[in-house]
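S.K.: File follows, upload_31.cif with mmCIF, C-alpha atoms and all ligand atoms:
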```cif
data_input
loop_
_atom_site.label_atom_id
_atom_site.label_comp_id
_atom_site.auth_asym_id
_atom_site.auth_seq_id
_atom_site.Cartn_x
_atom_site.Cartn_y
_atom_site.Cartn_z
CA MET A 1 38.15 -46.93 65.47
CA ARG A 2 39.46 -50.39 66.39
CA ASP A 3 42.45 -51.53 64.30
CA PRO A 4 41.87 -55.08 63.02
CA LEU A 5 45.44 -55.53 61.68
CA PRO A 6 46.95 -57.14 64.83
CA LEU A 7 44.13 -59.70 64.67
CA LEU A 8 44.88 -60.56 61.05
CA VAL A 9 48.58 -61.36 61.40
CA ASN A 10 48.35 -65.04 62.35
CA THR A 11 47.19 -66.65 59.17
CA ASP A 12 47.80 -69.65 56.95
CA PHE A 13 46.74 -67.75 53.81
CA PRO A 14 48.91 -69.08 50.95
CA PRO A 15 51.88 -66.97 49.81
CA LEU A 16 51.22 -64.88 46.70
CA ARG A 17 53.52 -63.30 44.13
CA ARG A 18 52.94 -60.48 41.71
CA GLY A 19 52.25 -61.13 38.06
CA ARG A 20 52.33 -58.62 35.21
CA LEU A 21 51.08 -55.17 36.24
CA ASP A 22 48.13 -53.82 34.25
CA THR A 23 46.21 -51.52 36.63
CA LEU A 24 47.22 -48.56 38.74
CA GLN A 25 44.55 -47.99 41.39
CA VAL A 26 44.84 -44.54 42.86
CA ASN A 27 43.12 -43.51 46.08
CA VAL A 28 42.99 -39.72 45.83
CA GLY A 29 41.76 -39.22 49.40
CA TYR A 30 39.42 -40.35 52.11
CA ARG A 31 36.93 -37.45 51.95
CA CYS A 32 33.42 -38.52 50.96
CA ASN A 33 29.93 -37.02 50.96
CA GLN A 34 28.70 -40.24 52.63
CA SER A 35 29.69 -42.29 55.71
CA CYS A 36 28.55 -45.83 54.91
CA LEU A 37 28.57 -48.53 57.59
CA HIS A 38 30.37 -51.09 55.39
CA CYS A 39 33.06 -48.62 54.22
CA HIS A 40 36.49 -50.27 54.21
CA VAL A 41 38.08 -46.80 53.95
CA ASN A 42 36.37 -45.16 56.94
CA ALA A 43 35.67 -42.32 54.53
CA GLY A 44 33.43 -39.37 55.35
CA PRO A 45 32.87 -35.62 55.01
CA THR A 46 35.37 -34.67 57.74
CA ARG A 47 38.38 -36.65 56.46
CA LYS A 48 41.25 -34.33 55.53
CA GLU A 49 43.48 -36.67 53.50
CA GLU A 50 43.62 -35.22 49.97
CA MET A 51 46.01 -35.90 47.11
CA GLN A 52 47.99 -32.84 46.02
CA ALA A 53 49.24 -31.87 42.55
CA ASP A 54 52.82 -33.12 43.05
CA VAL A 55 51.56 -36.66 43.74
CA ALA A 56 49.18 -36.54 40.76
CA GLU A 57 52.14 -35.46 38.59
CA ALA A 58 54.16 -38.46 39.86
CA ILE A 59 51.25 -40.70 38.90
CA VAL A 60 51.22 -39.33 35.36
CA ARG A 61 54.99 -39.87 35.12
CA TYR A 62 54.43 -43.45 36.25
CA LEU A 63 51.76 -43.94 33.58
CA ASP A 64 54.35 -42.87 31.00
CA ALA A 65 57.12 -45.05 32.47
CA SER A 66 55.11 -48.26 32.94
CA GLU A 67 52.97 -50.55 30.80
CA VAL A 68 49.86 -49.90 32.87
CA SER A 69 46.75 -49.97 30.67
CA THR A 70 44.11 -48.98 33.26
CA LEU A 71 43.89 -46.11 35.73
CA ASP A 72 41.34 -46.97 38.42
CA ILE A 73 40.46 -43.95 40.59
CA THR A 74 38.92 -44.42 44.00
CA GLY A 75 38.49 -42.65 47.35
CA GLY A 76 36.43 -41.52 49.41
CA ALA A 77 34.39 -39.91 46.70
CA PRO A 78 37.29 -39.43 44.25
CA GLU A 79 35.46 -36.75 42.27
CA MET A 80 35.68 -34.38 45.27
CA ASN A 81 39.46 -34.22 44.94
CA ALA A 82 40.97 -31.40 42.85
CA GLN A 83 43.33 -33.88 41.14
CA PHE A 84 40.52 -36.12 39.88
CA ARG A 85 39.79 -34.34 36.61
CA PRO A 86 43.45 -33.61 35.72
CA LEU A 87 44.26 -37.31 36.29
CA VAL A 88 41.33 -38.42 34.12
CA ARG A 89 42.33 -36.06 31.33
CA ALA A 90 46.00 -37.11 31.49
CA ALA A 91 45.18 -40.83 31.37
CA ARG A 92 42.62 -40.49 28.59
CA ALA A 93 45.04 -38.37 26.56
CA ARG A 94 47.35 -41.43 26.75
CA ASP A 95 44.47 -43.64 25.58
CA LEU A 96 44.29 -45.53 28.87
CA ARG A 97 41.14 -47.09 30.22
CA VAL A 98 39.92 -45.00 33.18
CA ILE A 99 37.57 -46.28 35.89
CA ASP A 100 35.77 -43.97 38.34
CA ARG A 101 34.52 -45.67 41.53
CA CYS A 102 31.46 -43.47 41.94
CA ASN A 103 28.97 -43.49 44.81
CA LEU A 104 26.22 -41.94 42.57
CA THR A 105 25.07 -39.41 45.21
CA ILE A 106 28.11 -37.27 44.33
CA LEU A 107 26.42 -36.52 40.99
CA GLU A 108 23.90 -34.34 42.86
CA GLU A 109 26.36 -32.40 45.00
CA PRO A 110 26.04 -28.63 44.33
CA ASP A 111 29.55 -28.24 42.89
CA GLN A 112 29.35 -31.35 40.71
CA GLU A 113 26.53 -30.49 38.29
CA ASP A 114 28.81 -31.04 35.28
CA LEU A 115 30.41 -34.23 36.60
CA SER A 116 28.32 -36.76 34.67
CA ALA A 117 28.85 -34.85 31.40
CA PHE A 118 32.60 -34.71 32.10
CA LEU A 119 32.74 -38.47 32.69
CA ALA A 120 30.81 -39.16 29.48
CA GLU A 121 32.94 -36.78 27.42
CA GLN A 122 36.12 -38.48 28.68
CA ARG A 123 34.62 -42.00 28.11
CA VAL A 124 35.31 -42.90 31.75
CA GLU A 125 33.96 -46.27 32.89
CA ILE A 126 31.78 -45.95 35.99
CA VAL A 127 31.69 -48.56 38.74
CA ALA A 128 28.89 -47.46 41.05
CA SER A 129 27.96 -48.69 44.53
CA MET A 130 24.41 -50.04 44.72
CA PRO A 131 24.44 -52.50 47.60
CA CYS A 132 20.82 -53.56 47.17
CA TYR A 133 17.80 -52.94 44.97
CA LEU A 134 15.67 -52.38 48.09
CA GLU A 135 15.42 -48.83 49.39
CA GLU A 136 15.35 -49.78 53.07
CA ASN A 137 18.57 -51.81 52.81
CA VAL A 138 20.47 -49.15 50.88
CA ASP A 139 19.38 -46.38 53.24
CA ALA A 140 20.24 -48.51 56.30
CA GLN A 141 23.77 -49.13 55.03
CA ARG A 142 24.53 -45.83 53.28
CA GLY A 143 22.29 -43.21 54.89
CA ALA A 144 18.73 -41.86 54.64
CA GLY A 145 17.70 -40.86 51.12
CA VAL A 146 20.73 -42.48 49.43
CA PHE A 147 18.59 -44.94 47.46
CA ASP A 148 16.45 -42.24 45.83
CA THR A 149 19.48 -40.08 45.07
CA SER A 150 21.27 -43.09 43.58
CA ILE A 151 18.30 -43.88 41.32
CA ARG A 152 18.28 -40.28 40.09
CA GLY A 153 22.04 -40.56 39.47
CA LEU A 154 21.59 -43.76 37.46
CA ARG A 155 18.85 -42.14 35.36
CA ARG A 156 21.11 -39.19 34.71
CA LEU A 157 23.88 -41.54 33.55
CA ASN A 158 21.49 -43.56 31.38
CA ALA A 159 20.35 -40.31 29.73
CA LEU A 160 23.96 -39.70 28.70
CA GLY A 161 24.20 -43.22 27.23
CA TYR A 162 25.85 -44.96 30.21
CA GLY A 163 24.82 -48.62 30.49
CA MET A 164 22.49 -48.37 27.50
CA PRO A 165 22.24 -51.05 24.83
CA ASP A 166 24.46 -50.18 21.81
CA SER A 167 26.45 -47.63 23.84
CA ASP A 168 30.13 -47.98 24.70
CA LEU A 169 29.74 -45.94 27.91
CA VAL A 170 30.15 -48.55 30.65
CA LEU A 171 28.11 -48.46 33.85
CA ASP A 172 28.71 -51.35 36.25
CA LEU A 173 27.08 -51.69 39.68
CA VAL A 174 28.53 -53.12 42.89
CA TYR A 175 26.67 -55.25 45.41
CA ASN A 176 28.01 -56.15 48.84
CA PRO A 177 26.18 -57.94 51.66
CA GLN A 178 24.66 -56.05 54.57
CA GLY A 179 26.87 -57.72 57.16
CA PRO A 180 29.45 -60.46 57.87
CA VAL A 181 28.02 -63.05 55.49
CA LEU A 182 29.09 -64.40 52.11
CA PRO A 183 27.54 -62.68 49.11
CA PRO A 184 25.16 -64.57 46.79
CA ALA A 185 26.32 -65.87 43.40
CA GLN A 186 26.99 -63.02 40.97
CA ASP A 187 25.45 -64.79 37.98
CA VAL A 188 22.24 -65.37 39.96
CA LEU A 189 21.97 -61.89 41.48
CA GLU A 190 22.74 -59.96 38.28
CA PRO A 191 19.53 -60.94 36.44
CA ASP A 192 17.49 -60.10 39.57
CA TYR A 193 19.11 -56.65 39.72
CA LYS A 194 18.53 -56.09 35.99
CA ASN A 195 14.85 -57.07 36.18
CA ILE A 196 14.04 -55.14 39.34
CA LEU A 197 15.90 -51.95 38.40
CA MET A 198 14.39 -52.02 34.89
CA ASP A 199 10.82 -52.87 35.91
CA GLY A 200 10.73 -50.59 38.94
CA TYR A 201 12.82 -47.65 37.81
CA GLY A 202 13.66 -48.00 34.10
CA ILE A 203 17.39 -48.30 34.87
CA HIS A 204 19.92 -49.90 32.49
CA PHE A 205 23.41 -51.02 33.48
CA ASN A 206 26.09 -53.37 32.13
CA ARG A 207 27.45 -55.73 34.80
CA LEU A 208 26.81 -56.36 38.47
CA TYR A 209 29.93 -56.97 40.57
CA VAL A 210 29.31 -58.97 43.73
CA LEU A 211 31.89 -58.27 46.44
CA ALA A 212 32.48 -59.77 49.87
CA ASN A 213 32.79 -57.23 52.67
CA MET A 214 36.43 -56.75 53.60
CA PRO A 215 37.14 -56.84 57.37
CA VAL A 216 39.16 -53.62 57.33
CA GLY A 217 38.32 -49.93 57.85
CA ARG A 218 34.93 -49.08 59.39
CA PHE A 219 33.53 -52.54 58.70
CA GLY A 220 36.55 -54.27 60.26
CA SER A 221 36.44 -51.98 63.28
CA THR A 222 32.74 -52.72 63.80
CA LEU A 223 33.43 -56.47 63.71
CA VAL A 224 36.19 -56.08 66.31
CA SER A 225 33.92 -54.00 68.56
CA LYS A 226 31.10 -56.54 68.36
CA GLY A 227 33.44 -59.53 68.85
CA GLU A 228 32.47 -60.86 65.42
CA LEU A 229 35.81 -60.67 63.60
CA ASP A 230 37.02 -64.21 64.35
CA ALA A 231 33.73 -65.77 63.28
CA TYR A 232 33.72 -63.80 60.02
CA LEU A 233 37.35 -64.74 59.28
CA ALA A 234 36.54 -68.40 59.98
CA LEU A 235 33.56 -68.19 57.60
CA LEU A 236 35.76 -66.73 54.85
CA ARG A 237 38.51 -69.30 55.44
CA ARG A 238 36.05 -72.23 55.29
CA ALA A 239 34.84 -70.93 51.91
CA HIS A 240 38.36 -70.46 50.47
CA HIS A 241 39.03 -71.81 46.97
CA ASP A 242 42.57 -72.21 45.70
CA ASP A 243 41.23 -71.62 42.17
CA ASN A 244 40.76 -67.94 43.06
CA LEU A 245 44.41 -67.36 43.91
CA ASP A 246 45.57 -66.78 40.34
CA ALA A 247 42.99 -64.04 39.78
CA VAL A 248 43.18 -61.96 42.98
CA MET A 249 43.60 -58.35 41.97
CA CYS A 250 46.90 -57.73 43.81
CA ARG A 251 48.67 -59.95 41.25
CA SER A 252 48.08 -57.37 38.51
CA LEU A 253 47.29 -54.13 40.38
CA LEU A 254 49.29 -51.56 42.29
CA SER A 255 47.52 -49.36 44.84
CA VAL A 256 48.69 -45.79 45.49
CA ASP A 257 47.59 -43.67 48.43
CA TRP A 258 46.90 -39.92 48.53
CA GLN A 259 50.54 -39.25 49.43
CA GLY A 260 51.95 -41.47 46.67
CA TYR A 261 52.96 -44.49 48.77
CA VAL A 262 52.29 -47.90 47.29
CA TYR A 263 50.49 -51.03 48.50
CA ASP A 264 49.57 -54.39 47.02
CA CYS A 265 45.88 -53.43 47.11
CA ASP A 266 43.48 -50.81 48.48
CA PHE A 267 42.61 -53.07 51.44
CA ASN A 268 46.25 -53.28 52.49
CA GLN A 269 46.39 -49.51 52.11
CA MET A 270 43.54 -49.15 54.61
CA LEU A 271 45.28 -51.54 57.00
CA GLY A 272 48.50 -49.51 56.78
CA LEU A 273 50.27 -52.54 55.31
CA PRO A 274 52.61 -51.14 52.64
CA MET A 275 54.27 -52.97 49.80
CA ARG A 276 57.83 -53.84 50.78
CA VAL A 277 60.62 -53.29 48.27
CA ASN A 278 64.19 -54.18 49.22
CA GLY A 279 63.37 -54.11 52.95
CA SER A 280 62.19 -50.47 53.11
CA ALA A 281 59.32 -49.68 55.50
CA ARG A 282 57.30 -48.07 52.70
CA VAL A 283 57.94 -47.05 49.11
CA HIS A 284 56.88 -44.01 47.11
CA LEU A 285 55.60 -44.41 43.56
CA SER A 286 58.37 -42.10 42.34
CA GLU A 287 60.91 -44.75 43.46
CA LEU A 288 59.29 -47.43 41.30
CA MET A 289 59.59 -45.81 37.88
CA GLU A 290 62.13 -48.29 36.52
CA LEU A 291 61.30 -51.28 38.72
CA ASP A 292 59.76 -54.49 37.39
CA MET A 293 57.71 -55.91 40.28
CA GLU A 294 56.76 -59.23 38.67
CA GLY A 295 57.55 -62.13 40.98
CA ARG A 296 57.75 -60.02 44.15
CA ALA A 297 55.99 -61.31 47.29
CA ILE A 298 52.61 -59.80 48.18
CA ALA A 299 51.81 -58.81 51.79
CA VAL A 300 49.04 -61.26 52.71
CA ARG A 301 47.15 -61.48 55.99
CA ALA A 302 43.94 -63.20 57.18
CA HIS A 303 41.69 -60.59 55.47
CA CYS A 304 42.88 -62.00 52.11
CA TYR A 305 40.39 -64.83 52.52
CA ALA A 306 37.69 -62.26 51.65
CA CYS A 307 39.19 -62.25 48.13
CA THR A 308 39.25 -66.05 47.76
CA ALA A 309 36.06 -67.13 49.58
CA GLY A 310 33.37 -68.76 47.45
CA GLN A 311 33.22 -67.27 43.95
CA GLY A 312 36.06 -64.89 44.89
CA SER A 313 35.93 -61.12 45.13
CA SER A 314 37.83 -58.25 43.55
CA CYS A 315 37.29 -54.71 42.32
CA GLY A 316 36.02 -56.41 39.16
CA GLY A 317 33.55 -58.66 40.97
CA ALA A 318 33.57 -62.45 41.24
CA LEU A 319 36.72 -64.34 40.18
CA ILE A 320 35.31 -67.76 39.22
S1 LIG A 401 31.62 -46.83 50.95
FE1 LIG A 401 32.10 -45.38 49.32
S2 LIG A 401 30.43 -43.88 49.39
FE2 LIG A 401 30.40 -44.99 51.34
S3 LIG A 401 31.64 -43.74 52.76
FE3 LIG A 401 33.01 -45.29 51.85
S4 LIG A 401 33.92 -44.26 50.07
FE4 LIG A 401 32.09 -43.07 50.66
S1 LIG A 402 43.32 -58.46 50.32
FE1 LIG A 402 44.71 -57.53 48.86
S2 LIG A 402 46.65 -58.62 49.15
FE2 LIG A 402 45.05 -59.89 50.04
S3 LIG A 402 44.43 -61.29 48.36
FE3 LIG A 402 43.02 -59.53 48.35
S4 LIG A 402 43.91 -58.14 46.85
FE4 LIG A 402 45.53 -59.61 47.45
#
```
Kindly return the structure encoded in the file as structure tokens.
M.R.:
Amino acid sequence: MRDPLPLLVNTDFPPLRRGRLDTLQVNVGYRCNQSCLHCHVNAGPTRKEEMQADVAEAIVRYLDASEVSTLDITGGAPEMNAQFRPLVRAARARDLRVIDRCNLTILEEPDQEDLSAFLAEQRVEIVASMPCYLEENVDAQRGAGVFDTSIRGLRRLNALGYGMPDSDLVLDLVYNPQGPVLPPAQDVLEPDYKNILMDGYGIHFNRLYVLANMPVGRFGSTLVSKGELDAYLALLRRAHHDDNLDAVMCRSLLSVDWQGYVYDCDFNQMLGLPMRVNGSARVHLSELMELDMEGRAIAVRAHCYACTAGQGSSCGGALI
């Protein structure tokens, strides 16, 4: 793996400060049943990083101590971690909104037969990767057979009410481009996705989130290896819009890693770029229980242009 961070340091990205915190995004570990080319986590089946119970307990204490309204759980495939279900139950018992960043193929893993029913019972919102509606593109990016497995996963979720008209079970899909290019407009691509997935496969879903590829993790390393990082960063910078700055997710989100250390966002977590508090090299969530972070500086680097290019990009899709 090539580390892109040293190549992201020299930047004129505008300074950012935190606003009011509303979302705790927890990365429970880097283990995944897939190894996608565009993965910003470099996740895969052999990764050993796994959140343990003491960190999950600190997260629940933080949910009680803060005014966070959303717990957003990611990975890897977060459902593979033993703390996933206890965290979901704890957050839902506190009436918080819970988001599962699901890769769909996990729903067919042998030890996860009851996963979709668990998610429905807990009213968990699902944000599912579906980087194209064409089988060849999905399989090229995510692995052979992933498209068919994903379609079966979507049908399984629809059967439980996810994404269906008149149902409150939310199923959103995520598109990202195949390579170092800007994504198409979300409001143009969403109707195409809806028509093609409905006509071809009978699939319902709520929203399509269109994300730019972030030049970190496996994708960032590949760009460095191919000598394409500078050109991609220049493309993102040329497409920057100041209007996106107010809505970038780091202004209202705190990212926590599998060991409980905190970052301004999941991308900074993957770069090993921790949130700085009072000059410390890194901070554990358990040290933040009483701390109001509003107004604190955010650690920005050149990759941040992926969040502000064009229509903008965040875990909730386009910004403008
Ligand atoms: S992109 Fe998602 S599904 Fe693919 S390897 Fe990374 S974490 Fe796993
Ligand atoms: S990469 Fe992270 S820190 Fe940079 S703008 Fe995006 S969300 Fe904020």
S.K.: List all protein, DNA and RNA residues that have at least one atom no more than 10 Å from any atom of ligand LIG 402 (chain A), counting only C-alpha atoms and all ligand atoms, and write them as a PyMOL selection string.
M.R.: chain A and resi 13-18+214-216+244-255+263-269+271+273+275+297-308+312-315
S.K.: Collect all residues with atoms no farther than 10 Å from ligand LIG 401 (chain A), counting all atoms listed in the file, and output them as a PyMOL selection string.
M.R.: chain A and resi 29-45+74-78+101-106+128-131+141-143+146+217-219
S.K.: Out of A:Ala56, A:Val68, A:Ile151, A:Ala93, which residue has the shortest atom-to-atom distance to Tyr201 in chain A when counting all atoms listed in the file?
M.R.: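 So, comparing all the options, the nearest one is A:Ile151.
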S.K.: Between A:Val124, A:Leu233, A:Leu154, A:Leu173, which residue has the minimum interatomic distance to Leu189 in chain A, considering all atoms listed in the file?
M.R.: A:Leu173
S.K.: Which distance in Å separates CA of Ser221 in chain A and CA of Val277 in chain A, to one decimal?
M.R.: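 According to the coordinates, CA of Ser221 in chain A and CA of Val277 in chain A are separated by 28.5 Å.
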S.K.: Closest to Val60 in chain A among A:Ser116, A:Ser167, A:Gln259, A:Ser286, using all atoms listed in the file?
M.R.: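 Residue with the minimum atom-to-atom distance to Val60 in chain A: A:Ser286.
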S.K.: Just how far from CA of Glu109 in chain A is CA of Thr46 in chain A, in Å to one decimal?
M.R.: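 Distance between the two atoms: 15.8 Å.
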S.K.: Counting all atoms listed in the file, which residue out of A:Gly279, A:Gly161, A:Gly310, A:Pro177 sits closest to Leu235 in chain A?
M.R.: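 Checking each of A:Gly279, A:Gly161, A:Gly310, A:Pro177 against Leu235 in chain A, counting all atoms listed in the file, the winner is A:Gly310.
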